[in-house]
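See below for target.csv, which holds CSV, N, CA and C atoms.
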```csv
chain,number,residue,atom,x,y,z
U,211,MET,N,-17.7,-8.6,-57.5
U,211,MET,CA,-18.2,-9.0,-58.8
U,211,MET,C,-17.2,-9.8,-59.6
U,212,SER,N,-16.2,-10.3,-58.9
U,212,SER,CA,-15.2,-11.1,-59.6
U,212,SER,C,-15.8,-12.5,-60.0
U,213,GLN,N,-15.8,-12.7,-61.3
U,213,GLN,CA,-16.3,-14.0,-61.8
U,213,GLN,C,-15.2,-14.8,-62.3
U,214,THR,N,-15.3,-16.1,-62.1
U,214,THR,CA,-14.2,-17.0,-62.5
U,214,THR,C,-14.3,-17.2,-64.0
U,215,LEU,N,-13.1,-17.0,-64.7
U,215,LEU,CA,-13.1,-17.2,-66.1
U,215,LEU,C,-12.1,-18.3,-66.5
U,216,SER,N,-11.3,-18.6,-65.6
U,216,SER,CA,-10.4,-19.8,-65.7
U,216,SER,C,-9.9,-20.2,-64.4
U,217,PRO,N,-9.4,-21.4,-64.3
U,217,PRO,CA,-8.9,-21.9,-62.9
U,217,PRO,C,-7.8,-21.0,-62.4
U,218,ILE,N,-7.1,-20.3,-63.2
U,218,ILE,CA,-5.9,-19.5,-62.8
U,218,ILE,C,-6.2,-18.0,-62.6
U,219,TRP,N,-7.1,-17.5,-63.4
U,219,TRP,CA,-7.3,-16.1,-63.5
U,219,TRP,C,-8.8,-15.7,-63.3
U,220,GLN,N,-9.1,-14.6,-62.6
U,220,GLN,CA,-10.4,-14.2,-62.4
U,220,GLN,C,-10.5,-12.7,-62.7
U,221,LEU,N,-11.7,-12.3,-63.3
U,221,LEU,CA,-11.9,-10.9,-63.6
U,221,LEU,C,-11.8,-10.1,-62.3
U,222,GLY,N,-11.0,-9.1,-62.3
U,222,GLY,CA,-10.8,-8.3,-61.1
U,222,GLY,C,-9.5,-8.5,-60.5
U,223,ASP,N,-8.8,-9.6,-60.8
U,223,ASP,CA,-7.5,-9.9,-60.3
U,223,ASP,C,-6.5,-8.8,-60.7
U,224,ALA,N,-5.6,-8.6,-59.8
U,224,ALA,CA,-4.5,-7.6,-60.1
U,224,ALA,C,-3.6,-8.1,-61.1
U,225,ALA,N,-3.4,-9.4,-61.2
U,225,ALA,CA,-2.5,-10.0,-62.1
U,225,ALA,C,-3.0,-9.9,-63.6
U,226,THR,N,-2.2,-9.7,-64.5
U,226,THR,CA,-2.5,-9.7,-65.9
U,226,THR,C,-2.7,-11.1,-66.4
U,227,PRO,N,-3.8,-11.5,-67.1
U,227,PRO,CA,-3.9,-12.8,-67.6
U,227,PRO,C,-3.0,-13.0,-68.8
U,228,SER,N,-2.8,-14.3,-69.1
U,228,SER,CA,-2.0,-14.6,-70.4
U,228,SER,C,-3.0,-14.2,-71.5
U,229,LEU,N,-2.4,-14.1,-72.7
U,229,LEU,CA,-3.2,-13.7,-73.9
U,229,LEU,C,-4.2,-14.8,-74.2
U,230,ASP,N,-3.8,-16.0,-74.0
U,230,ASP,CA,-4.7,-17.2,-74.3
U,230,ASP,C,-5.9,-17.1,-73.3
U,231,GLN,N,-5.6,-16.8,-72.0
U,231,GLN,CA,-6.7,-16.7,-71.0
U,231,GLN,C,-7.7,-15.6,-71.4
U,232,LEU,N,-7.1,-14.4,-71.8
U,232,LEU,CA,-7.9,-13.3,-72.2
U,232,LEU,C,-8.8,-13.7,-73.4
U,233,ILE,N,-8.2,-14.3,-74.4
U,233,ILE,CA,-9.0,-14.7,-75.6
U,233,ILE,C,-10.1,-15.6,-75.2
U,234,SER,N,-9.8,-16.6,-74.4
U,234,SER,CA,-10.8,-17.6,-73.9
U,234,SER,C,-11.9,-16.9,-73.2
U,235,ALA,N,-11.6,-15.9,-72.3
U,235,ALA,CA,-12.6,-15.2,-71.6
U,235,ALA,C,-13.5,-14.4,-72.5
U,236,PHE,N,-12.8,-13.7,-73.5
U,236,PHE,CA,-13.6,-13.0,-74.5
U,236,PHE,C,-14.6,-13.9,-75.2
U,237,GLU,N,-14.1,-15.1,-75.6
U,237,GLU,CA,-15.0,-16.0,-76.4
U,237,GLU,C,-16.2,-16.4,-75.6
U,238,VAL,N,-15.9,-16.7,-74.3
U,238,VAL,CA,-17.1,-17.1,-73.4
U,238,VAL,C,-18.0,-15.9,-73.2
U,239,ALA,N,-17.5,-14.8,-72.9
U,239,ALA,CA,-18.4,-13.6,-72.7
U,239,ALA,C,-19.1,-13.2,-74.0
U,240,TYR,N,-18.5,-13.3,-75.1
U,240,TYR,CA,-19.2,-13.0,-76.4
U,240,TYR,C,-20.2,-14.1,-76.7
U,241,GLY,N,-19.9,-15.3,-76.4
U,241,GLY,CA,-20.9,-16.4,-76.6
U,241,GLY,C,-22.1,-16.2,-75.7
U,242,ASP,N,-21.9,-15.7,-74.5
U,242,ASP,CA,-23.0,-15.4,-73.6
U,242,ASP,C,-23.7,-14.1,-73.8
U,243,ALA,N,-23.1,-13.3,-74.8
U,243,ALA,CA,-23.6,-11.9,-75.0
U,243,ALA,C,-23.5,-11.1,-73.7
U,244,ASP,N,-22.5,-11.3,-73.0
U,244,ASP,CA,-22.3,-10.6,-71.7
U,244,ASP,C,-21.5,-9.3,-72.0
U,245,TRP,N,-22.1,-8.2,-72.4
U,245,TRP,CA,-21.4,-7.0,-72.8
U,245,TRP,C,-20.8,-6.3,-71.6
U,246,LEU,N,-21.3,-6.5,-70.4
U,246,LEU,CA,-20.6,-5.9,-69.2
U,246,LEU,C,-19.2,-6.6,-69.0
U,247,LYS,N,-19.2,-7.9,-69.1
U,247,LYS,CA,-18.0,-8.7,-68.9
U,247,LYS,C,-17.0,-8.3,-70.1
U,248,ILE,N,-17.5,-8.2,-71.3
U,248,ILE,CA,-16.7,-7.8,-72.4
U,248,ILE,C,-16.1,-6.5,-72.2
U,249,SER,N,-16.8,-5.5,-71.7
U,249,SER,CA,-16.3,-4.2,-71.4
U,249,SER,C,-15.2,-4.3,-70.3
U,250,GLN,N,-15.4,-5.1,-69.3
U,250,GLN,CA,-14.4,-5.3,-68.3
U,250,GLN,C,-13.1,-5.9,-68.9
U,251,LEU,N,-13.3,-7.0,-69.7
U,251,LEU,CA,-12.2,-7.7,-70.3
U,251,LEU,C,-11.4,-6.7,-71.2
U,252,ASN,N,-12.1,-5.8,-71.9
U,252,ASN,CA,-11.4,-4.9,-72.8
U,252,ASN,C,-10.4,-4.1,-72.0
U,253,ASP,N,-10.6,-3.8,-70.8
U,253,ASP,CA,-9.6,-3.1,-70.0
U,253,ASP,C,-8.3,-3.8,-69.8
U,254,TYR,N,-8.3,-5.2,-69.9
U,254,TYR,CA,-7.2,-6.0,-69.8
U,254,TYR,C,-6.4,-6.2,-71.1
U,255,THR,N,-7.0,-5.8,-72.2
U,255,THR,CA,-6.4,-6.1,-73.5
U,255,THR,C,-5.0,-5.5,-73.7
U,256,GLN,N,-4.9,-4.2,-73.6
U,256,GLN,CA,-3.6,-3.6,-73.8
U,256,GLN,C,-2.5,-4.1,-72.8
U,257,PRO,N,-2.8,-4.1,-71.5
U,257,PRO,CA,-1.7,-4.6,-70.6
U,257,PRO,C,-1.4,-6.0,-70.9
U,258,CYS,N,-2.4,-6.8,-71.3
U,258,CYS,CA,-2.1,-8.2,-71.5
U,258,CYS,C,-1.2,-8.4,-72.7
U,259,VAL,N,-1.5,-7.7,-73.8
U,259,VAL,CA,-0.7,-7.8,-75.0
U,259,VAL,C,0.7,-7.3,-74.8
U,260,GLU,N,0.8,-6.2,-74.0
U,260,GLU,CA,2.1,-5.6,-73.7
U,260,GLU,C,3.0,-6.5,-72.9
U,261,ALA,N,2.3,-7.2,-71.9
U,261,ALA,CA,3.0,-8.1,-71.0
U,261,ALA,C,3.5,-9.3,-71.8
U,262,GLU,N,2.7,-9.8,-72.8
U,262,GLU,CA,3.1,-10.9,-73.6
U,262,GLU,C,4.3,-10.5,-74.5
U,263,ILE,N,4.3,-9.3,-75.0
U,263,ILE,CA,5.5,-8.9,-75.8
U,263,ILE,C,6.7,-8.8,-75.0
U,264,VAL,N,6.6,-8.2,-73.8
U,264,VAL,CA,7.8,-8.1,-72.9
U,264,VAL,C,8.3,-9.5,-72.6
U,265,MET,N,7.4,-10.4,-72.3
U,265,MET,CA,7.8,-11.8,-71.9
U,265,MET,C,8.5,-12.4,-73.1
U,266,ILE,N,8.0,-12.3,-74.3
U,266,ILE,CA,8.6,-12.9,-75.5
U,266,ILE,C,10.0,-12.2,-75.7
U,267,ASN,N,10.1,-10.9,-75.6
U,267,ASN,CA,11.4,-10.2,-75.8
U,267,ASN,C,12.4,-10.7,-74.8
U,268,ALA,N,12.0,-10.8,-73.6
U,268,ALA,CA,12.9,-11.3,-72.5
U,268,ALA,C,13.4,-12.7,-72.8
U,269,ALA,N,12.5,-13.6,-73.2
U,269,ALA,CA,12.8,-15.0,-73.4
U,269,ALA,C,13.7,-15.1,-74.6
U,270,THR,N,13.5,-14.3,-75.6
U,270,THR,CA,14.3,-14.5,-76.8
U,270,THR,C,15.7,-13.8,-76.6
U,271,ALA,N,15.7,-12.7,-75.8
U,271,ALA,CA,17.0,-12.1,-75.5
U,271,ALA,C,17.9,-13.1,-74.6
U,272,ALA,N,17.2,-13.8,-73.6
U,272,ALA,CA,17.9,-14.7,-72.8
U,272,ALA,C,18.4,-15.9,-73.5
U,273,ALA,N,17.7,-16.3,-74.6
U,273,ALA,CA,18.1,-17.4,-75.4
U,273,ALA,C,19.0,-17.0,-76.5
U,274,GLY,N,19.2,-15.7,-76.7
U,274,GLY,CA,20.1,-15.2,-77.8
U,274,GLY,C,19.5,-15.4,-79.1
U,275,LYS,N,18.2,-15.4,-79.2
U,275,LYS,CA,17.5,-15.6,-80.5
U,275,LYS,C,17.1,-14.3,-81.1
U,276,ASP,N,16.6,-14.3,-82.3
U,276,ASP,CA,16.1,-13.2,-83.0
U,276,ASP,C,14.7,-12.9,-82.5
U,277,ALA,N,14.4,-11.6,-82.1
U,277,ALA,CA,13.1,-11.2,-81.5
U,277,ALA,C,12.0,-11.3,-82.6
U,278,ASN,N,12.4,-11.0,-83.8
U,278,ASN,CA,11.4,-11.0,-84.9
U,278,ASN,C,10.7,-12.4,-85.0
U,279,SER,N,11.5,-13.4,-85.0
U,279,SER,CA,10.9,-14.8,-85.1
U,279,SER,C,10.0,-15.1,-83.9
U,280,ALA,N,10.4,-14.6,-82.7
U,280,ALA,CA,9.6,-14.9,-81.6
U,280,ALA,C,8.3,-14.1,-81.7
U,281,MET,N,8.3,-12.9,-82.2
U,281,MET,CA,7.1,-12.1,-82.3
U,281,MET,C,6.1,-12.7,-83.3
U,282,LEU,N,6.7,-13.5,-84.3
U,282,LEU,CA,5.8,-14.2,-85.2
U,282,LEU,C,4.9,-15.2,-84.5
U,283,ALA,N,5.5,-15.8,-83.4
U,283,ALA,CA,4.7,-16.7,-82.7
U,283,ALA,C,3.5,-16.1,-82.0
U,284,LEU,N,3.5,-14.8,-81.8
U,284,LEU,CA,2.4,-14.1,-81.2
U,284,LEU,C,1.3,-13.7,-82.2
U,285,LYS,N,1.7,-13.7,-83.4
U,285,LYS,CA,0.8,-13.3,-84.5
U,285,LYS,C,-0.6,-14.0,-84.5
U,286,PRO,N,-0.6,-15.4,-84.4
U,286,PRO,CA,-1.9,-16.1,-84.5
U,286,PRO,C,-2.8,-15.7,-83.3
U,287,SER,N,-2.3,-15.5,-82.2
U,287,SER,CA,-3.1,-15.0,-81.0
U,287,SER,C,-3.7,-13.6,-81.2
U,288,LEU,N,-2.8,-12.8,-81.8
U,288,LEU,CA,-3.3,-11.4,-82.0
U,288,LEU,C,-4.3,-11.4,-83.1
U,289,GLU,N,-4.2,-12.2,-84.1
U,289,GLU,CA,-5.2,-12.3,-85.2
U,289,GLU,C,-6.5,-12.9,-84.7
U,290,ARG,N,-6.4,-13.9,-83.8
U,290,ARG,CA,-7.6,-14.4,-83.1
U,290,ARG,C,-8.3,-13.4,-82.3
U,291,LEU,N,-7.6,-12.6,-81.6
U,291,LEU,CA,-8.2,-11.5,-80.8
U,291,LEU,C,-8.8,-10.4,-81.7
U,292,ALA,N,-8.1,-10.1,-82.8
U,292,ALA,CA,-8.7,-9.1,-83.7
U,292,ALA,C,-10.0,-9.6,-84.3
U,293,THR,N,-10.0,-10.9,-84.6
U,293,THR,CA,-11.2,-11.5,-85.2
U,293,THR,C,-12.4,-11.4,-84.2
U,294,ILE,N,-12.1,-11.7,-82.9
U,294,ILE,CA,-13.2,-11.5,-81.9
U,294,ILE,C,-13.7,-10.1,-81.9
U,295,TYR,N,-12.7,-9.1,-81.9
U,295,TYR,CA,-13.1,-7.7,-81.8
U,295,TYR,C,-14.0,-7.4,-83.1
U,296,GLN,N,-13.6,-7.9,-84.2
U,296,GLN,CA,-14.3,-7.6,-85.4
U,296,GLN,C,-15.7,-8.2,-85.4
U,297,SER,N,-15.9,-9.4,-84.8
U,297,SER,CA,-17.2,-10.0,-84.7
U,297,SER,C,-18.1,-9.2,-83.7
U,298,MET,N,-17.5,-8.7,-82.6
U,298,MET,CA,-18.2,-7.9,-81.7
U,298,MET,C,-18.6,-6.6,-82.3
U,299,GLN,N,-17.7,-6.0,-83.1
U,299,GLN,CA,-18.0,-4.7,-83.7
U,299,GLN,C,-19.2,-4.9,-84.7
U,300,HIS,N,-19.2,-6.0,-85.5
U,300,HIS,CA,-20.3,-6.2,-86.4
U,300,HIS,C,-21.6,-6.4,-85.7
U,301,GLN,N,-21.6,-7.2,-84.6
U,301,GLN,CA,-22.8,-7.4,-83.9
U,301,GLN,C,-23.3,-6.1,-83.2
U,302,CYS,N,-22.4,-5.3,-82.7
U,302,CYS,CA,-22.8,-4.0,-82.1
U,302,CYS,C,-23.5,-3.1,-83.2
U,303,ALA,N,-22.9,-3.1,-84.4
U,303,ALA,CA,-23.4,-2.3,-85.5
U,303,ALA,C,-24.8,-2.8,-85.9
U,304,ALA,N,-25.0,-4.1,-85.9
U,304,ALA,CA,-26.3,-4.7,-86.3
U,304,ALA,C,-27.3,-4.3,-85.2
U,305,GLU,N,-27.0,-4.5,-84.0
U,305,GLU,CA,-27.9,-4.1,-82.9
U,305,GLU,C,-28.2,-2.6,-82.9
U,306,ARG,N,-27.2,-1.8,-83.2
U,306,ARG,CA,-27.4,-0.3,-83.2
U,306,ARG,C,-28.4,0.0,-84.4
U,307,ASP,N,-28.2,-0.7,-85.5
U,307,ASP,CA,-29.1,-0.4,-86.6
U,307,ASP,C,-30.6,-0.9,-86.3
U,308,THR,N,-30.7,-2.0,-85.6
U,308,THR,CA,-32.0,-2.5,-85.2
U,308,THR,C,-32.7,-1.5,-84.3
U,309,LEU,N,-31.9,-1.0,-83.3
U,309,LEU,CA,-32.5,0.0,-82.4
U,309,LEU,C,-32.8,1.3,-83.0
U,310,ALA,N,-32.0,1.7,-84.0
U,310,ALA,CA,-32.3,2.9,-84.7
U,310,ALA,C,-33.6,2.8,-85.5
U,311,ALA,N,-33.8,1.6,-86.1
U,311,ALA,CA,-35.0,1.4,-86.9
U,311,ALA,C,-36.2,1.5,-85.9
U,312,LYS,N,-36.1,0.9,-84.8
U,312,LYS,CA,-37.2,0.9,-83.8
U,312,LYS,C,-37.5,2.3,-83.3
U,313,LEU,N,-36.4,3.1,-83.1
U,313,LEU,CA,-36.5,4.5,-82.7
U,313,LEU,C,-37.2,5.3,-83.7
U,314,ASN,N,-36.9,5.0,-85.0
U,314,ASN,CA,-37.5,5.8,-86.1
U,314,ASN,C,-39.0,5.4,-86.1
U,315,GLU,N,-39.4,4.2,-85.8
U,315,GLU,CA,-40.8,3.8,-85.8
U,315,GLU,C,-41.5,4.5,-84.7
U,316,VAL,N,-40.9,4.6,-83.5
U,316,VAL,CA,-41.5,5.4,-82.4
U,316,VAL,C,-41.7,6.8,-82.7
U,317,ASN,N,-40.6,7.4,-83.3
U,317,ASN,CA,-40.7,8.8,-83.7
U,317,ASN,C,-41.8,9.1,-84.8
U,318,ALA,N,-42.0,8.1,-85.7
U,318,ALA,CA,-43.0,8.3,-86.7
U,318,ALA,C,-44.4,8.2,-86.0
U,319,GLY,N,-44.5,7.3,-85.1
U,319,GLY,CA,-45.8,7.1,-84.3
U,319,GLY,C,-46.1,8.4,-83.5
U,320,ARG,N,-45.1,8.9,-82.9
U,320,ARG,CA,-45.3,10.2,-82.2
U,320,ARG,C,-45.7,11.3,-83.1
U,321,SER,N,-45.0,11.4,-84.2
U,321,SER,CA,-45.4,12.5,-85.2
U,321,SER,C,-46.8,12.3,-85.6
U,322,ALA,N,-47.2,11.1,-85.9
U,322,ALA,CA,-48.6,10.9,-86.3
U,322,ALA,C,-49.6,11.3,-85.2
U,323,THR,N,-49.2,10.9,-84.0
U,323,THR,CA,-50.1,11.3,-82.8
U,323,THR,C,-50.2,12.8,-82.7
U,324,GLU,N,-49.1,13.4,-82.8
U,324,GLU,CA,-49.1,14.9,-82.6
U,324,GLU,C,-49.9,15.5,-83.8
U,325,HIS,N,-49.7,15.0,-85.0
U,325,HIS,CA,-50.5,15.6,-86.1
U,325,HIS,C,-52.0,15.3,-85.9
U,326,TYR,N,-52.4,14.2,-85.4
U,326,TYR,CA,-53.8,13.9,-85.1
U,326,TYR,C,-54.3,14.8,-84.1
U,327,ALA,N,-53.5,15.0,-83.0
U,327,ALA,CA,-53.9,15.9,-81.9
U,327,ALA,C,-54.1,17.3,-82.4
U,328,LEU,N,-53.3,17.8,-83.3
U,328,LEU,CA,-53.4,19.2,-83.9
U,328,LEU,C,-54.6,19.3,-84.8
U,329,THR,N,-54.9,18.3,-85.6
U,329,THR,CA,-55.9,18.4,-86.6
U,329,THR,C,-57.3,18.0,-86.0
U,330,SER,N,-57.3,17.2,-85.0
U,330,SER,CA,-58.6,16.7,-84.4
U,330,SER,C,-59.3,17.8,-83.6
U,331,SER,N,-58.5,18.8,-83.2
U,331,SER,CA,-59.1,19.9,-82.4
U,331,SER,C,-59.7,21.0,-83.3
U,332,LEU,N,-59.5,20.9,-84.6
U,332,LEU,CA,-60.0,21.9,-85.5
U,332,LEU,C,-61.5,21.9,-85.6
```
In structure tokens, how does this file's structure come out?
Amino acid sequence: MSQTLSPIWQLGDAATPSLDQLISAFEVAYGDADWLKISQLNDYTQPCVEAEIVMINAATAAAGKDANSAMLALKPSLERLATIYQSMQHQCAAERDTLAAKLNEVNAGRSATEHYALTSSL
């Protein structure tokens, strides 16, 4: 079930994607409303972010620079990822509310049918 998400990284690969690859894959999956792929990508989020932080810390330490300034470079990507998550959360909530309204309609219809069945036999 490995689907190509970029020329370099595929869903199911043992390697952790870069943060930009993960964000791009989320954007494609969200645009396609592919919730299965989104769920699978979600499993990569924490390891991907952690790997990015380790890489930044190692690069700044090797260059003798301040780690805080390097971490600021990661902030836009993390904000972009957070925005995607918020959009998905809002869409899921809207879909949940729509399904709840439909379920309430079904329950109301069932109650009416049960009431009719009880009173029609009198």
Residues of chain U in helix (DSSP H, G or I) according to DSSP, as a ChimeraX atom specification? /U:229-241,245-273,277-330
Atom CA of U:Leu232 to atom CA of U:Leu291: how many Å, to one decimal?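 Taking atom CA of U:Leu232 and atom CA of U:Leu291, their separation equals 8.8 Å.
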Just to confirm, what's the straight-line distance from atom CA of U:Ala261 to atom CA of U:Lys247 in Å (one decimal)?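 Between atom CA of U:Ala261 and atom CA of U:Lys247 the gap is 21.1 Å.
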Distance query U:Ala277 at most 6.5 Å, only N, CA and C atoms, self and fewer than 6 positions along chain excluded, as a VMD selection string: chain U and resid 267 270 to 271
Check the smallest atom-to-atom distance from each of U:Gln299, U:Thr329, U:Asn317, U:Thr255 to U:Asp230 using only C-alpha atoms, then report the winner.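 The closest residue to U:Asp230 is U:Thr255.
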By how many Å are atom C of U:Ala304 and atom CA of U:Glu289 apart?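 Spanning atom C of U:Ala304 to atom CA of U:Glu289 is a straight-line distance of 23.5 Å.
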